[in-house]
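Okay, so here's the structure we're looking at.
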Amino acid sequence: MEQKIEPLSDEDAHHVERQRTWVRGYPLEEHARHNYETIEGKLRLLQNILDAGWIEPTEKWMLQSLGICLGDALAQKLGLNWIAVEDDFGRTPSLEVPGSTLILFPLTAISKRIERGEKVDVSELFDGFCEMVAEKRSQGY
């Protein structure tokens with residue numbers, strides 16, 4: 001099956017928002033929740049959750065929720081749009097680079113690494129995505 005790319009459906013958007021809400025409310029005290037609004041706040045929250053070891057490698061939904069947060073930070077920094085990509089493996093919230101064919105899959109960027117037993121440096125992962133997008137944009141993708 002070829003990839004089918006389309007805007008997030010209402011169901012997709014609802015699922016993504018549930019994941020986003022879970023991360024936003026995870027260990028934050030009420031007075032600190034506004035920190036999620038900044039890129040730095042999102043990245044710091046992700047790193048804190050990972051460093052604390054609050055999520056087991058088998059807790060896929062929670063790990064993928066962290067991927068939504070990473071995607072939100074990327075969208076905020078790079079002006080990307082959330083879309084849905086459907087293929088033989090299912091339907092996945094993804095990010096498109098407007099005016100290009102480039103699609104990013106942040107949903108599993110953290111979970112796959114954790115499942116392999118890797119330590120994740122969120123800033124390094126974020127910077128790697130940003131550098132790749134900048135390189136592809138300069139090449140006209």
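Identifiers for the structure tokens are assigned positionally: chains receive A, B, ... in sequence, residues are indexed from 1 per chain, and ligands are indexed from 1 in the order shown.
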
Produce a table with one row for each residue of region 56-119 of chain A that has an atom at most 12 Å from any atom of region 135-141 of chain A, each row naming the nearest atom pair and its distance in Å at one decimal; use only C-alpha atoms; arrange rows by chain and rising residue number; format as a Markdown table.
```
| residue | atom | partner | partner_atom | distance |
| --- | --- | --- | --- | --- |
| A:Leu78 | CA | A:Arg137 | CA | 10.9 |
| A:Glu96 | CA | A:Tyr141 | CA | 11.4 |
| A:Val97 | CA | A:Arg137 | CA | 8.8 |
| A:Pro98 | CA | A:Tyr141 | CA | 9.9 |
| A:Gly99 | CA | A:Tyr141 | CA | 8.1 |
| A:Ser100 | CA | A:Tyr141 | CA | 5.1 |
| A:Thr101 | CA | A:Tyr141 | CA | 6.2 |
| A:Leu102 | CA | A:Tyr141 | CA | 6.6 |
| A:Ile103 | CA | A:Tyr141 | CA | 10.4 |
| A:Leu104 | CA | A:Lys136 | CA | 11.8 |
```

For this session: Enumerate the residues of chain A with a DSSP assignment of strand (DSSP E), computed from the backbone, and present them as a PyMOL selection string.
Result: chain A and resi 4-7+81-87+90-96+103-104

For this session: Fewer than 6 positions away in the same chain doesn't count, so skip those; otherwise give me all residues within 10 Å of Leu95 (chain A), counting only C-alpha atoms, as an MDAnalysis selection string.
Result: chainID A and resid 71:72 74:75 79:85 102:107

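Here the question is which of A:Pro93, A:Lys77, A:Cys69, A:Leu63 gets nearest to Ser111 (chain A) using only C-alpha atoms, and that residue is A:Leu63.
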
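Each of A:Leu8, A:Ala13, A:Ile110, A:Val122 was compared to Gln47 (chain A) using only C-alpha atoms, and A:Val122 turns out to be the nearest.
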
For this session: Pick out each residue of region 18-123 of chain A that DSSP on the backbone tags as alpha helix (DSSP H); I need them as a ChimeraX atom specification.
Result: /A:18-25,39-52,60-78,109-115,122-123

For this session: Please identify all polymer residues within 10 Å of Val120 (chain A), counting only C-alpha atoms, omitting same-chain residues fewer than 3 positions from it, and present them as a ChimeraX atom specification.
Result: /A:46-47,50-51,109-111,113-114,117,123-125

Exercise. How many Å separate CA of Gly90 (chain A) from CA of Asp12 (chain A)?
Worked result: 12.1 Å
